[in-house]
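Q: data-v1.cif is reproduced in full below (mmCIF, C-alpha atoms and all ligand atoms).
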```
data_work
loop_
_atom_site.group_PDB
_atom_site.id
_atom_site.type_symbol
_atom_site.label_atom_id
_atom_site.label_comp_id
_atom_site.auth_asym_id
_atom_site.auth_seq_id
_atom_site.Cartn_x
_atom_site.Cartn_y
_atom_site.Cartn_z
ATOM 1 C CA MET U 17 0.000 0.000 0.000
ATOM 2 C CA ARG U 18 2.989 2.286 0.517
ATOM 3 C CA ALA U 19 4.524 1.479 -2.870
ATOM 4 C CA PRO U 20 4.120 4.083 -5.619
ATOM 5 C CA ARG U 21 1.237 3.402 -7.995
ATOM 6 C CA GLU U 22 3.688 2.983 -10.939
ATOM 7 C CA THR U 23 5.518 0.163 -9.133
ATOM 8 C CA VAL U 24 2.291 -1.715 -8.558
ATOM 9 C CA GLU U 25 1.231 -1.166 -12.172
ATOM 10 C CA ALA U 26 4.577 -2.502 -13.420
ATOM 11 C CA LEU U 27 4.212 -5.586 -11.230
ATOM 12 C CA ALA U 28 0.638 -6.160 -12.378
ATOM 13 C CA GLY U 29 1.794 -5.825 -15.994
ATOM 14 C CA ALA U 30 4.611 -8.322 -15.447
ATOM 15 C CA LEU U 31 2.166 -10.821 -13.944
ATOM 16 C CA LEU U 32 -0.187 -10.416 -16.910
ATOM 17 C CA ASP U 33 2.708 -10.967 -19.345
ATOM 18 C CA LEU U 34 3.697 -14.090 -17.446
ATOM 19 C CA ARG U 35 0.147 -15.380 -17.544
ATOM 20 C CA ASP U 36 -0.067 -14.817 -21.314
ATOM 21 C CA GLN U 37 3.353 -16.281 -22.126
ATOM 22 C CA VAL U 38 3.187 -19.420 -20.036
ATOM 23 C CA ARG U 39 1.165 -22.258 -21.526
ATOM 24 C CA PRO U 40 1.199 -26.050 -21.631
ATOM 25 C CA CYS U 41 3.967 -27.617 -23.745
ATOM 26 C CA SER U 42 2.432 -28.871 -26.988
ATOM 27 C CA ARG U 43 4.158 -32.256 -26.592
ATOM 28 C CA CYS U 44 4.171 -33.115 -22.879
ATOM 29 C CA PHE U 45 1.784 -30.498 -21.328
ATOM 30 C CA PHE U 46 4.364 -29.325 -18.790
ATOM 31 C CA ILE U 47 4.727 -25.548 -18.375
ATOM 32 C CA ALA U 48 6.300 -23.879 -21.413
ATOM 33 C CA GLU U 49 7.057 -20.360 -22.534
ATOM 34 C CA GLY U 50 7.092 -21.251 -26.217
ATOM 35 C CA GLU U 51 5.816 -24.217 -28.215
ATOM 36 C CA LEU U 52 7.920 -26.737 -26.272
ATOM 37 C CA CYS U 53 8.965 -26.805 -22.599
ATOM 38 C CA GLY U 54 12.581 -26.749 -21.381
ATOM 39 C CA VAL U 55 12.647 -30.537 -20.980
ATOM 40 C CA CYS U 56 11.272 -31.385 -24.446
ATOM 41 C CA SER U 57 13.594 -28.890 -26.140
ATOM 42 C CA ASN U 58 16.692 -30.233 -24.331
ATOM 43 C CA PRO U 59 18.515 -32.627 -26.730
ATOM 44 C CA ARG U 60 20.401 -34.245 -23.828
ATOM 45 C CA ARG U 61 17.258 -35.760 -22.315
ATOM 46 C CA ASP U 62 16.836 -39.502 -22.848
ATOM 47 C CA GLN U 63 14.174 -39.928 -25.542
ATOM 48 C CA ALA U 64 13.689 -43.608 -24.651
ATOM 49 C CA GLN U 65 12.224 -42.920 -21.186
ATOM 50 C CA LEU U 66 8.884 -41.281 -20.608
ATOM 51 C CA CYS U 67 7.609 -40.435 -17.127
ATOM 52 C CA VAL U 68 3.841 -39.987 -16.782
ATOM 53 C CA VAL U 69 2.583 -37.665 -14.026
ATOM 54 C CA GLU U 70 -0.765 -36.183 -13.051
ATOM 55 C CA GLU U 71 0.190 -32.503 -12.743
ATOM 56 C CA ALA U 72 2.856 -30.110 -13.985
ATOM 57 C CA LEU U 73 4.035 -29.580 -10.389
ATOM 58 C CA ASP U 74 4.866 -33.298 -10.162
ATOM 59 C CA VAL U 75 7.469 -32.721 -12.888
ATOM 60 C CA LEU U 76 9.169 -30.144 -10.655
ATOM 61 C CA ALA U 77 9.277 -32.628 -7.750
ATOM 62 C CA ILE U 78 10.895 -35.293 -9.937
ATOM 63 C CA GLU U 79 13.351 -32.797 -11.455
ATOM 64 C CA ARG U 80 14.400 -31.806 -7.919
ATOM 65 C CA SER U 81 15.260 -35.445 -7.189
ATOM 66 C CA GLY U 82 17.742 -35.438 -10.097
ATOM 67 C CA GLU U 83 16.988 -39.123 -10.614
ATOM 68 C CA PHE U 84 15.322 -38.988 -14.022
ATOM 69 C CA THR U 85 16.843 -37.827 -17.308
ATOM 70 C CA GLY U 86 14.070 -38.767 -19.728
ATOM 71 C CA LEU U 87 10.995 -36.926 -20.935
ATOM 72 C CA TYR U 88 7.626 -36.328 -19.269
ATOM 73 C CA HIS U 89 3.949 -36.542 -20.064
ATOM 74 C CA VAL U 90 1.479 -34.601 -17.906
ATOM 75 C CA LEU U 91 -1.992 -36.205 -17.856
ATOM 76 C CA GLU U 92 -3.648 -33.127 -16.324
ATOM 77 C CA GLY U 93 -5.452 -35.229 -13.703
ATOM 78 C CA ALA U 94 -6.208 -38.836 -12.802
ATOM 79 C CA ILE U 95 -9.020 -41.253 -13.591
ATOM 80 C CA SER U 96 -11.816 -40.760 -11.061
ATOM 81 C CA PRO U 97 -15.229 -42.233 -11.907
ATOM 82 C CA ILE U 98 -16.813 -40.517 -8.879
ATOM 83 C CA ASP U 99 -15.798 -37.121 -10.267
ATOM 84 C CA GLY U 100 -16.734 -38.112 -13.816
ATOM 85 C CA VAL U 101 -13.118 -38.085 -14.980
ATOM 86 C CA GLY U 102 -12.330 -40.824 -17.486
ATOM 87 C CA PRO U 103 -9.377 -41.295 -19.845
ATOM 88 C CA GLU U 104 -11.087 -39.032 -22.411
ATOM 89 C CA GLN U 105 -10.788 -36.057 -20.040
ATOM 90 C CA LEU U 106 -7.049 -36.656 -19.656
ATOM 91 C CA ARG U 107 -4.103 -36.459 -22.071
ATOM 92 C CA VAL U 108 -4.186 -40.240 -22.604
ATOM 93 C CA ALA U 109 -4.745 -40.186 -26.374
ATOM 94 C CA GLU U 110 -1.721 -37.885 -26.745
ATOM 95 C CA LEU U 111 0.343 -40.263 -24.585
ATOM 96 C CA VAL U 112 -0.596 -43.300 -26.680
ATOM 97 C CA GLU U 113 0.276 -41.321 -29.803
ATOM 98 C CA ARG U 114 3.719 -40.426 -28.422
ATOM 99 C CA VAL U 115 4.457 -44.037 -27.471
ATOM 100 C CA ARG U 116 3.305 -45.210 -30.928
ATOM 101 C CA GLY U 117 5.758 -42.706 -32.381
ATOM 102 C CA GLY U 118 8.511 -45.229 -31.695
ATOM 103 C CA GLU U 119 11.440 -43.909 -29.659
ATOM 104 C CA VAL U 120 10.039 -44.653 -26.173
ATOM 105 C CA ARG U 121 11.152 -47.952 -24.632
ATOM 106 C CA GLU U 122 10.076 -47.454 -21.001
ATOM 107 C CA VAL U 123 7.078 -45.614 -19.591
ATOM 108 C CA VAL U 124 7.455 -44.824 -15.881
ATOM 109 C CA VAL U 125 4.007 -44.258 -14.387
ATOM 110 C CA ALA U 126 4.454 -41.726 -11.565
ATOM 111 C CA THR U 127 0.825 -40.992 -10.771
ATOM 112 C CA ASP U 128 0.046 -40.289 -7.098
ATOM 113 C CA PRO U 129 -0.032 -43.273 -4.699
ATOM 114 C CA ASP U 130 -3.749 -42.817 -3.993
ATOM 115 C CA VAL U 131 -6.874 -44.602 -5.314
ATOM 116 C CA GLU U 132 -7.170 -42.438 -8.458
ATOM 117 C CA GLY U 133 -3.440 -42.626 -9.176
ATOM 118 C CA GLU U 134 -3.418 -46.416 -8.866
ATOM 119 C CA ALA U 135 -6.507 -46.780 -11.077
ATOM 120 C CA THR U 136 -4.853 -44.553 -13.670
ATOM 121 C CA ALA U 137 -1.607 -46.552 -13.506
ATOM 122 C CA PHE U 138 -3.387 -49.867 -14.139
ATOM 123 C CA TYR U 139 -5.436 -48.381 -16.949
ATOM 124 C CA LEU U 140 -2.292 -47.031 -18.622
ATOM 125 C CA ALA U 141 -0.472 -50.351 -18.221
ATOM 126 C CA GLU U 142 -3.292 -52.083 -20.104
ATOM 127 C CA ARG U 143 -3.420 -49.440 -22.826
ATOM 128 C CA LEU U 144 0.346 -49.357 -23.361
ATOM 129 C CA ALA U 145 1.185 -53.077 -23.068
ATOM 130 C CA PRO U 146 0.169 -53.918 -26.667
ATOM 131 C CA LEU U 147 2.544 -51.219 -27.926
ATOM 132 C CA GLY U 148 5.594 -53.212 -26.817
ATOM 133 C CA VAL U 149 7.031 -50.793 -24.244
ATOM 134 C CA SER U 150 7.980 -51.682 -20.699
ATOM 135 C CA VAL U 151 5.655 -50.002 -18.199
ATOM 136 C CA THR U 152 6.995 -49.431 -14.682
ATOM 137 C CA ARG U 153 5.545 -47.870 -11.543
ATOM 138 C CA LEU U 154 7.305 -45.935 -8.781
ATOM 139 C CA ALA U 155 7.558 -48.133 -5.723
ATOM 140 C CA HIS U 156 9.178 -47.606 -2.345
ATOM 141 C CA GLY U 157 8.990 -44.635 -0.096
ATOM 142 C CA LEU U 158 5.976 -42.735 -1.324
ATOM 143 C CA PRO U 159 3.389 -42.722 1.482
ATOM 144 C CA ALA U 160 0.040 -44.217 0.414
ATOM 145 C CA GLY U 161 -2.660 -41.626 -0.210
ATOM 146 C CA SER U 162 -0.118 -38.833 -0.573
ATOM 147 C CA ASP U 163 0.621 -36.323 -3.287
ATOM 148 C CA LEU U 164 3.809 -36.637 -5.332
ATOM 149 C CA GLN U 165 4.433 -32.919 -5.572
ATOM 150 C CA TYR U 166 4.901 -32.597 -1.800
ATOM 151 C CA ALA U 167 7.378 -35.462 -1.496
ATOM 152 C CA ASP U 168 10.991 -34.611 -0.677
ATOM 153 C CA GLU U 169 13.811 -35.215 -3.202
ATOM 154 C CA LEU U 170 15.218 -38.279 -1.451
ATOM 155 C CA THR U 171 11.836 -40.005 -1.281
ATOM 156 C CA VAL U 172 11.204 -39.345 -4.962
ATOM 157 C CA ALA U 173 14.715 -40.509 -5.867
ATOM 158 C CA ARG U 174 14.215 -43.771 -3.930
ATOM 159 C CA ALA U 175 10.810 -44.312 -5.494
ATOM 160 C CA PHE U 176 12.447 -43.991 -8.897
ATOM 161 C CA SER U 177 15.280 -46.398 -8.324
ATOM 162 C CA GLY U 178 12.839 -48.919 -6.827
ATOM 163 C CA ARG U 179 10.321 -48.820 -9.676
ATOM 164 C CA ARG U 180 8.889 -52.155 -10.749
ATOM 165 C CA ALA U 181 7.160 -53.617 -13.793
ATOM 166 C CA LEU U 182 3.448 -52.869 -13.908
HETATM 167 ZN ZN ZN E 201 7.378 -30.614 -22.965
#
```
How does this structure look as structure tokens?

A:
Amino acid sequence: MRAPRETVEALAGALLDLRDQVRPCSRCFFIAEGELCGVCSNPRRDQAQLCVVEEALDVLAIERSGEFTGLYHVLEGAISPIDGVGPEQLRVAELVERVRGGEVREVVVATDPDVEGEATAFYLAERLAPLGVSVTRLAHGLPAGSDLQYADELTVARAFSGRRAL
């Protein structure tokens, strides 16, 4: 309230610019400033590994762990019949299309360890199995019923190294 009006206007303008410039990556639906996000446009990322998460913030949690060097796919939610959310409401078709594209050899399903996340993981395993990729699921360390984005780096790192076939 003590700041000059111009300062507040400049800040408001900067926030509006940010809101207009940031959008979902056209390939993985993580946060991007252009067409592709920083992960998709990084040629050093392993194109053979694809990690599937529910929300963009989950990507940040996994990046903090430093355990994963592949690419991501953000579903923008999880399957929840009670809330009327089926695969059609999520970015599942886009995921299947990416896996069909060829380069992916392993899909790591990192949906939350709650009822919706588990249901989504099993659905994805069934959808992706015929495409000839290995589908794995994060294992140890993540508390049941919790949210991936709030997990600490070490827990996420352990969950990654302990992933198992789905
Ligand atoms: Zn991306």

Q: Here's the selection I'm unsure about, the PyMOL selection byres (((not hetatm)) within 10 of (chain E and resi 201)); applied to the file above, which residues does it give, as a list in words?

A: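 Taken on the displayed file, the PyMOL selection byres (((not hetatm)) within 10 of (chain E and resi 201)) yields the residues Pro40, Cys41, Ser42, Arg43, Cys44, Phe45, Phe46, Ile47, Ala48, Gly50, Glu51, Leu52, Cys53, Gly54, Val55, Cys56, Ser57, Asn58, Leu87, Tyr88, His89 and Val90 of chain U.
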
Q: Go through U:Gly82, U:Gly148, U:Pro129, U:Gly178 and flag the residue nearest Ala94 in chain U, using only C-alpha atoms for the distances.

A: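 Among the listed residues, the smallest separation from Ala94 in chain U belongs to U:Pro129.
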
Q: Select all residues near (-2.2, -38.3, -23.4) (cut-off 7 Å, inclusive, file coordinates), counting only C-alpha atoms, and output them as a list in words.

A: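 The answer, in the requested form, is Leu91, Leu106, Arg107, Val108, Ala109, Glu110, Leu111 and Val112 of chain U.
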
Q: Include C-alpha atoms and write out the residues we just selected as a compact mmCIF listing (two decimals), in the coordinates of the input.

A:
```txt
# COMPACT_ATOMS: atom_id res chain seq x y z
CA LEU U 91 -1.99 -36.20 -17.86
CA LEU U 106 -7.05 -36.66 -19.66
CA ARG U 107 -4.10 -36.46 -22.07
CA VAL U 108 -4.19 -40.24 -22.60
CA ALA U 109 -4.74 -40.19 -26.37
CA GLU U 110 -1.72 -37.88 -26.74
CA LEU U 111 0.34 -40.26 -24.58
CA VAL U 112 -0.60 -43.30 -26.68
```

Q: For each of U:Arg121, U:Arg114, U:Arg153, U:Arg18, take the minimum atom-to-atom distance to Ser177 in chain U, counting only C-alpha atoms, then give the residue where this is smallest.

A: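 So, comparing all the options, the nearest one is U:Arg153.
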
Q: How would you write as a ChimeraX atom specification the residues that get within 10 Å of (0.1, -32.5, -5.1) in the file's frame, counting all atoms listed in the file?

A: /U:70-74,77,128,162-167

Q: When distances are computed from all atoms listed in the file, which of U:Val69, U:Glu25, U:Leu140, U:Val101 shows the smallest separation from Ala126 in chain U?

A: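 Smallest distance to Ala126 in chain U is found for U:Val69.
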
Q: With all atoms listed in the file as the basis for distance, which of U:Leu154, U:Val120, U:Thr127, U:Val75 is at the shortest distance from Gly93 in chain U?

A: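 Going through U:Leu154, U:Val120, U:Thr127, U:Val75 one by one, the smallest distance to Gly93 in chain U is for U:Thr127.
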
Q: Work out how far CA of Leu76 in chain U is from CA of Ala26 in chain U, in Å to one decimal.

A: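 About the pair CA of Ala26 in chain U and CA of Leu76 in chain U: they are 28.2 Å apart.
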
Q: Between CA of Val38 in chain U and CA of Glu79 in chain U, what distance in Å does the model show, to one decimal?

A: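 That distance, rounded to one decimal, is 18.9 Å.
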
Q: Which residues come within 9 Å of Ser96 in chain U, counting all atoms listed in the file, excluding same-chain residues fewer than 4 positions away, as a list in words?

A: Gly100, Val101, Gly102, Val131, Glu132, Gly133, Ala135 and Thr136 of chain U

Q: If the PyMOL selection byres (((chain U and resi 151) around 10) and not hetatm) is run on the structure shown, which residues does it catch, given as JSON, numbers by chain?

A: {"U": [66, 67, 121, 122, 123, 124, 125, 137, 138, 140, 141, 142, 144, 145, 148, 149, 150, 152, 153, 179, 180, 181, 182]}

Q: Kindly export the residues of the current selection with C-alpha atoms, as a PDB file, in the coordinates of the input.

A:
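What ended up in result27.pdb:
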```
ATOM      1  CA  LEU U  66       8.884 -41.281 -20.608  1.00  0.00           C
ATOM      2  CA  CYS U  67       7.609 -40.435 -17.127  1.00  0.00           C
ATOM      3  CA  ARG U 121      11.152 -47.952 -24.632  1.00  0.00           C
ATOM      4  CA  GLU U 122      10.076 -47.454 -21.001  1.00  0.00           C
ATOM      5  CA  VAL U 123       7.078 -45.614 -19.591  1.00  0.00           C
ATOM      6  CA  VAL U 124       7.455 -44.824 -15.881  1.00  0.00           C
ATOM      7  CA  VAL U 125       4.007 -44.258 -14.387  1.00  0.00           C
ATOM      8  CA  ALA U 137      -1.607 -46.552 -13.506  1.00  0.00           C
ATOM      9  CA  PHE U 138      -3.387 -49.867 -14.139  1.00  0.00           C
ATOM     10  CA  LEU U 140      -2.292 -47.031 -18.622  1.00  0.00           C
ATOM     11  CA  ALA U 141      -0.472 -50.351 -18.221  1.00  0.00           C
ATOM     12  CA  GLU U 142      -3.292 -52.083 -20.104  1.00  0.00           C
ATOM     13  CA  LEU U 144       0.346 -49.357 -23.361  1.00  0.00           C
ATOM     14  CA  ALA U 145       1.185 -53.077 -23.068  1.00  0.00           C
ATOM     15  CA  GLY U 148       5.594 -53.212 -26.817  1.00  0.00           C
ATOM     16  CA  VAL U 149       7.031 -50.793 -24.244  1.00  0.00           C
ATOM     17  CA  SER U 150       7.980 -51.682 -20.699  1.00  0.00           C
ATOM     18  CA  THR U 152       6.995 -49.431 -14.682  1.00  0.00           C
ATOM     19  CA  ARG U 153       5.545 -47.870 -11.543  1.00  0.00           C
ATOM     20  CA  ARG U 179      10.321 -48.820  -9.676  1.00  0.00           C
ATOM     21  CA  ARG U 180       8.889 -52.155 -10.749  1.00  0.00           C
ATOM     22  CA  ALA U 181       7.160 -53.617 -13.793  1.00  0.00           C
ATOM     23  CA  LEU U 182       3.448 -52.869 -13.908  1.00  0.00           C
TER      24      LEU U 182
END
```

Q: So how far away is CA of Gln63 in chain U from CA of Glu119 in chain U, in Å?

A: 6.3 Å

Q: How big is the axis-aligned box around the listed atoms of range 132-142 of chain U once 6 Å is added on each side, and where is its centre? Give both in Å to one decimal, as AutoDock Vina command-line options.

A:
```
--center_x -3.8 --center_y -47.3 --center_z -14.3 --size_x 18.7 --size_y 21.6 --size_z 23.6
```
